[in-house]
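A.B. asks: Structure supplied as query-v7.txt; contents: compact mmCIF, C-alpha atoms.
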# COMPACT_ATOMS: atom_id res chain seq x y z
CA MET A 1 -60.19 -33.03 -52.06
CA VAL A 2 -57.57 -31.37 -49.94
CA SER A 3 -58.87 -29.15 -47.19
CA THR A 4 -56.95 -26.10 -46.08
CA VAL A 5 -56.94 -24.33 -42.76
CA THR A 6 -56.36 -20.62 -42.68
CA LEU A 7 -54.85 -19.22 -39.49
CA GLU A 8 -55.96 -15.81 -38.42
CA GLU A 9 -53.17 -13.27 -38.08
CA ASP A 10 -53.50 -13.08 -34.31
CA GLU A 11 -53.31 -16.87 -33.99
CA MET A 12 -50.16 -16.94 -36.12
CA ALA A 13 -48.65 -14.19 -34.02
CA ARG A 14 -49.28 -16.18 -30.84
CA ILE A 15 -47.62 -19.27 -32.32
CA ILE A 16 -44.59 -17.25 -33.37
CA GLU A 17 -44.34 -15.68 -29.92
CA ILE A 18 -44.17 -19.00 -28.05
CA PRO A 19 -40.47 -19.78 -28.81
CA ASN A 20 -39.52 -16.20 -28.03
CA LEU A 21 -41.39 -16.43 -24.72
CA LEU A 22 -39.57 -19.64 -23.81
CA ILE A 23 -36.23 -18.02 -24.63
CA SER A 24 -37.16 -15.00 -22.54
CA LEU A 25 -38.13 -17.16 -19.55
CA ARG A 26 -34.89 -19.12 -19.86
CA LYS A 27 -32.88 -15.91 -19.91
CA GLN A 28 -34.60 -14.81 -16.71
CA SER A 29 -33.88 -18.05 -14.88
CA ASP A 30 -30.37 -18.88 -16.15
CA ARG A 31 -28.09 -15.97 -15.35
CA ILE A 32 -24.41 -15.70 -14.62
CA ALA A 33 -23.37 -12.50 -12.89
CA ILE A 34 -19.74 -11.31 -12.84
CA VAL A 35 -19.07 -8.55 -10.32
CA GLY A 36 -15.82 -6.72 -9.66
CA THR A 37 -15.13 -4.97 -6.35
CA TRP A 38 -12.25 -2.55 -5.78
CA VAL A 39 -10.86 -1.33 -2.47
CA PHE A 40 -8.79 1.86 -2.67
CA VAL A 41 -6.86 3.01 0.42
CA HIS A 42 -5.12 6.39 0.59
CA ARG A 43 -2.29 6.60 3.15
CA ASP A 44 -0.04 9.45 4.15
CA ARG A 45 3.75 9.17 3.96
CA TYR A 46 3.81 7.62 7.44
CA GLY A 47 1.36 4.86 6.56
CA ASN A 48 -1.67 6.35 8.28
CA ILE A 49 -4.99 5.87 6.48
CA LYS A 50 -6.40 9.17 5.24
CA ASP A 51 -9.28 7.81 3.17
CA TYR A 52 -10.61 4.64 1.62
CA GLU A 53 -13.38 3.64 -0.76
CA VAL A 54 -15.04 0.47 -2.00
CA VAL A 55 -16.41 0.64 -5.54
CA HIS A 56 -17.80 -1.74 -8.13
CA ASN A 57 -16.77 -1.79 -11.75
CA ILE A 58 -17.90 -2.91 -15.13
CA VAL A 59 -16.26 -5.69 -17.09
CA PRO A 60 -16.18 -4.24 -20.62
CA ASN A 61 -17.06 -6.32 -23.67
CA GLU A 62 -13.38 -6.93 -24.37
CA GLY A 63 -12.97 -8.44 -20.90
CA LEU A 64 -16.12 -10.56 -21.19
CA ASN A 65 -14.99 -11.93 -24.56
CA TYR A 66 -11.61 -12.82 -23.05
CA LEU A 67 -13.20 -14.66 -20.10
CA LEU A 68 -15.47 -16.67 -22.40
CA GLY A 69 -12.74 -17.42 -24.92
CA ALA A 70 -10.12 -18.47 -22.37
CA ALA A 71 -12.55 -20.61 -20.37
CA LEU A 72 -14.57 -22.24 -23.15
CA HIS A 73 -12.77 -21.89 -26.47
CA GLY A 74 -9.14 -22.60 -25.66
CA ASP A 75 -7.97 -19.04 -26.28
CA SER A 76 -4.58 -18.09 -24.86
CA GLN A 77 -4.67 -17.50 -21.13
CA ILE A 78 -3.21 -14.33 -19.63
CA ASN A 79 -1.22 -15.16 -16.51
CA GLN A 80 -0.33 -11.68 -15.25
CA TRP A 81 -2.68 -8.77 -14.75
CA TYR A 82 -1.75 -5.23 -13.75
CA PHE A 83 -3.35 -2.20 -12.15
CA ALA A 84 -3.62 0.96 -14.23
CA PRO A 85 -4.62 3.86 -11.94
CA HIS A 86 -5.91 6.81 -13.92
CA ILE A 87 -6.07 10.58 -13.58
CA THR A 88 -9.05 11.44 -15.79
CA SER A 89 -11.70 13.67 -14.22
CA GLY A 90 -15.27 12.94 -15.28
CA PHE A 91 -14.43 9.44 -16.53
CA THR A 92 -17.33 7.01 -17.02
CA PRO A 93 -16.55 3.31 -17.64
CA LEU A 94 -18.23 2.01 -20.78
CA ALA A 95 -18.77 -1.50 -22.13
CA THR A 96 -17.10 -0.43 -25.38
CA HIS A 97 -13.81 0.61 -23.76
CA THR A 98 -10.77 -1.46 -24.69
CA TYR A 99 -7.08 -1.74 -23.86
CA ALA A 100 -6.30 0.36 -26.93
CA SER A 101 -8.99 2.91 -26.08
CA PRO A 102 -9.70 2.76 -22.31
CA GLY A 103 -11.33 6.18 -22.10
CA TYR A 104 -8.93 7.40 -19.41
CA THR A 105 -5.36 8.68 -19.09
CA GLU A 106 -3.22 6.40 -16.96
CA ALA A 107 -0.86 7.81 -14.35
CA THR A 108 2.77 7.48 -15.48
CA THR A 109 5.23 10.13 -14.26
CA GLN A 110 2.84 10.95 -11.43
CA ILE A 111 3.79 7.74 -9.60
CA LEU A 112 7.19 6.57 -8.40
CA GLU A 113 7.00 2.92 -9.46
CA SER A 114 8.67 2.25 -12.81
CA LYS A 115 6.17 -0.42 -13.89
CA ARG A 116 2.49 -1.16 -13.52
CA GLN A 117 1.88 -2.97 -10.25
CA GLU A 118 0.83 -6.59 -10.59
CA TRP A 119 -2.46 -8.04 -9.40
CA VAL A 120 -1.11 -11.12 -7.59
CA GLU A 121 -4.18 -13.26 -7.21
CA GLY A 122 -4.74 -16.32 -5.07
CA ALA A 123 -6.68 -19.42 -6.07
CA ALA A 124 -10.40 -19.10 -6.71
CA SER A 125 -12.51 -19.90 -3.65
CA SER A 126 -16.24 -19.54 -2.97
CA GLN A 127 -16.73 -18.29 -6.53
CA GLN A 128 -14.34 -15.37 -6.19
CA ILE A 129 -10.70 -14.52 -6.74
CA THR A 130 -8.69 -11.61 -5.30
CA ASN A 131 -5.24 -10.25 -4.54
CA ASP A 132 -4.70 -10.81 -0.81
CA VAL A 133 -1.78 -8.37 -0.77
CA ALA A 134 -2.73 -4.94 -2.09
CA ALA A 135 -0.79 -3.34 -4.93
CA VAL A 136 0.63 0.07 -3.98
CA VAL A 137 1.62 3.15 -5.98
CA THR A 138 3.48 6.17 -4.58
CA ALA A 139 2.84 9.78 -5.61
CA THR A 140 5.81 11.78 -6.93
CA GLY A 141 3.93 15.02 -6.32
CA SER A 142 0.37 16.24 -5.92
CA VAL A 143 -1.89 14.00 -8.02
CA THR A 144 -5.57 13.11 -8.05
CA PHE A 145 -6.65 9.57 -8.87
CA TYR A 146 -10.12 9.00 -10.29
CA GLY A 147 -10.14 5.22 -10.58
CA ALA A 148 -8.23 2.35 -12.16
CA GLY A 149 -8.31 -0.36 -14.77
CA LEU A 150 -7.08 -3.95 -14.68
CA VAL A 151 -5.11 -4.89 -17.79
CA GLY A 152 -3.01 -7.75 -19.10
CA GLY A 153 -1.69 -9.54 -22.15
CA GLY A 154 -0.15 -8.11 -25.27
CA SER A 155 3.46 -7.11 -25.77
CA ALA A 156 3.86 -4.58 -22.93
CA PRO A 157 1.39 -5.41 -20.14
CA ASP A 158 3.50 -3.92 -17.32
CA THR A 159 4.40 -0.69 -19.14
CA LYS A 160 2.71 2.36 -17.63
CA GLY A 161 0.51 4.18 -20.11
CA ASP A 162 0.75 1.54 -22.85
CA THR A 163 -2.26 1.29 -25.15
CA ALA A 164 -0.54 -0.02 -28.30
CA GLY A 165 0.57 -3.43 -27.04
CA GLY A 166 -2.58 -5.33 -27.95
CA GLY A 167 -3.60 -6.27 -24.41
CA ILE A 168 -6.96 -6.77 -22.71
CA LEU A 169 -8.90 -4.36 -20.49
CA LEU A 170 -10.53 -6.74 -18.02
CA ALA A 171 -12.09 -4.23 -15.66
CA SER A 172 -12.59 -0.50 -15.32
CA SER A 173 -13.58 1.53 -12.27
CA VAL A 174 -14.24 5.08 -11.16
CA LEU A 175 -14.05 6.54 -7.66
CA ALA A 176 -17.08 8.36 -6.27
CA SER A 177 -14.64 10.47 -4.25
CA PRO A 178 -11.35 11.08 -6.10
CA LYS A 179 -8.19 10.64 -4.03
CA THR A 180 -5.71 13.52 -4.02
CA LEU A 181 -2.24 12.46 -2.89
CA ASP A 182 0.77 14.57 -1.98
CA THR A 183 4.42 13.58 -2.48
CA ASP A 184 5.27 10.15 -1.00
CA GLU A 185 1.66 9.35 -0.12
CA THR A 186 0.36 6.02 -1.39
CA LEU A 187 -2.72 4.50 -2.96
CA SER A 188 -3.23 0.78 -2.43
CA MET A 189 -5.57 -1.24 -4.62
CA THR A 190 -7.29 -4.57 -4.09
CA TYR A 191 -9.51 -6.14 -6.74
CA THR A 192 -11.94 -9.02 -6.25
CA ILE A 193 -13.91 -10.60 -9.07
CA SER A 194 -16.92 -12.71 -8.08
CA ALA A 195 -19.25 -14.92 -10.08
CA SER A 196 -22.72 -16.23 -9.28
CA SER A 197 -25.57 -17.94 -11.10
CA SER A 198 -29.31 -17.77 -10.62
For this file, produce the structure as structure tokens.

C.D. replies:
Amino acid sequence: MVSTVTLEEDEMARIIEIPNLLISLRKQSDRIAIVGTWVFVHRDRYGNIKDYEVVHNIVPNEGLNYLLGAALHGDSQINQWYFAPHITSGFTPLATHTYASPGYTEATTQILESKRQEWVEGAASSQQITNDVAAVVTATGSVTFYGAGLVGGGSAPDTKGDTAGGGILLASSVLASPKTLDTDETLSMTYTISASSS
């Protein structure tokens, strides 16, 4: 005679919950954090500092997928990244923003430089990487900057205002205090991306 054991519903629920609990505990203890830090410096036409701000950004899903794919899956690596300062009031960076749809309007005719300015990074050290020499844009007239993105890849990565080239939006930021520049004043940008695990 074969005996059968009937589990009460609450006992079954507890058994089912155990793997989920283990996964939850593992998620809490094994974390990788990626943090981007921007430094914006507003200078007058004579090089005197008028204002500066340090802000953090989000790395949108498109940027996270690129980092994972390039590091762990052999996806094509992007070797040049560029700053895309924007002029969109009320902008909020979202995880769903992409190169094709960044959520902001990039400055184009409002700045003197003919191309996007490159993020010239040094080697990674102490779990971070940055551009030691700031990228600089020059105002052609009165313009207010509200933040910037970091973009690369695709067919036109250094073209101001491009969204059709199939690139990657790696980072997106917004200034707490927008910077209003007059003619020949400059905005310099430094971007540092840091990683840590816990």

A.B. asks: Expressed in Å to a single decimal, how great is the separation between atom CA of Leu175 of chain A and atom CA of Thr108 of chain A?

C.D. replies: 18.6 Å

A.B. asks: Using all atoms listed in the file, which of the listed residues (A:Asn48, A:Ser114, A:Thr96, A:Gln128) sits closest to Tyr191 of chain A?

C.D. replies: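 Smallest separation from Tyr191 of chain A among the options: A:Gln128.
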
A.B. asks: Counting all atoms listed in the file, which of A:Gly147, A:Gly122, A:Gly69, A:Gly141 gets nearest to Ser188 of chain A?

C.D. replies: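 Under the stated criterion, the closest residue is A:Gly147.
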
A.B. asks: Could you tell me how far atom CA of Asn57 of chain A sits from atom CA of Thr37 of chain A, in Å to one decimal place?

C.D. replies: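 Atom CA of Thr37 of chain A sits 6.5 Å away from atom CA of Asn57 of chain A.
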
A.B. asks: Atom CA of Ser194 of chain A and atom CA of Gly63 of chain A are how many Å apart?

C.D. replies: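 About the pair atom CA of Ser194 of chain A and atom CA of Gly63 of chain A: they are 14.1 Å apart.
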
A.B. asks: Calculated over all atoms listed in the file, which of the candidates A:Gln77, A:Val151, A:Tyr104, A:Ser126 has the smallest distance to Gly165 of chain A?

C.D. replies: A:Val151

A.B. asks: Fewer than 6 positions away in the same chain doesn't count, so skip those; otherwise give me all residues within 7 Å of Gln110 of chain A, counting only C-alpha atoms, as a list in words.

C.D. replies: Ala139, Thr140, Gly141 and Val143 of chain A

A.B. asks: Which residue out of A:Pro85, A:Gly166, A:Pro178, A:Gly74 has the minimum interatomic distance to Leu150 of chain A when all atoms listed in the file are used?

C.D. replies: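 Looking only at the distances to Leu150 of chain A, the closest residue turns out to be A:Pro85.
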
A.B. asks: When you look at Gly152 of chain A with a cut-off of 6 Å (counting all atoms listed in the file), what residues show up, excluding the ones that are within fewer than 5 positions of it in the same chain? I need them as a list in words.

C.D. replies: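 Near neighbours after the sequence-gap exclusion: Trp81, Pro157, Gly167 and Ile168 of chain A.
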
A.B. asks: Closest to Ser76 of chain A among A:Thr130, A:Gly154, A:Arg45, A:Ala33, using only C-alpha atoms?

C.D. replies: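 Selected residue with least distance to Ser76 of chain A: A:Gly154.
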
A.B. asks: Find the residue from A:Val137, A:Pro60, A:Leu72, A:Gly153 that sits nearest to Thr98 of chain A; use all atoms listed in the file when measuring.

C.D. replies: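 Closest residue, counting all atoms listed in the file: A:Pro60.
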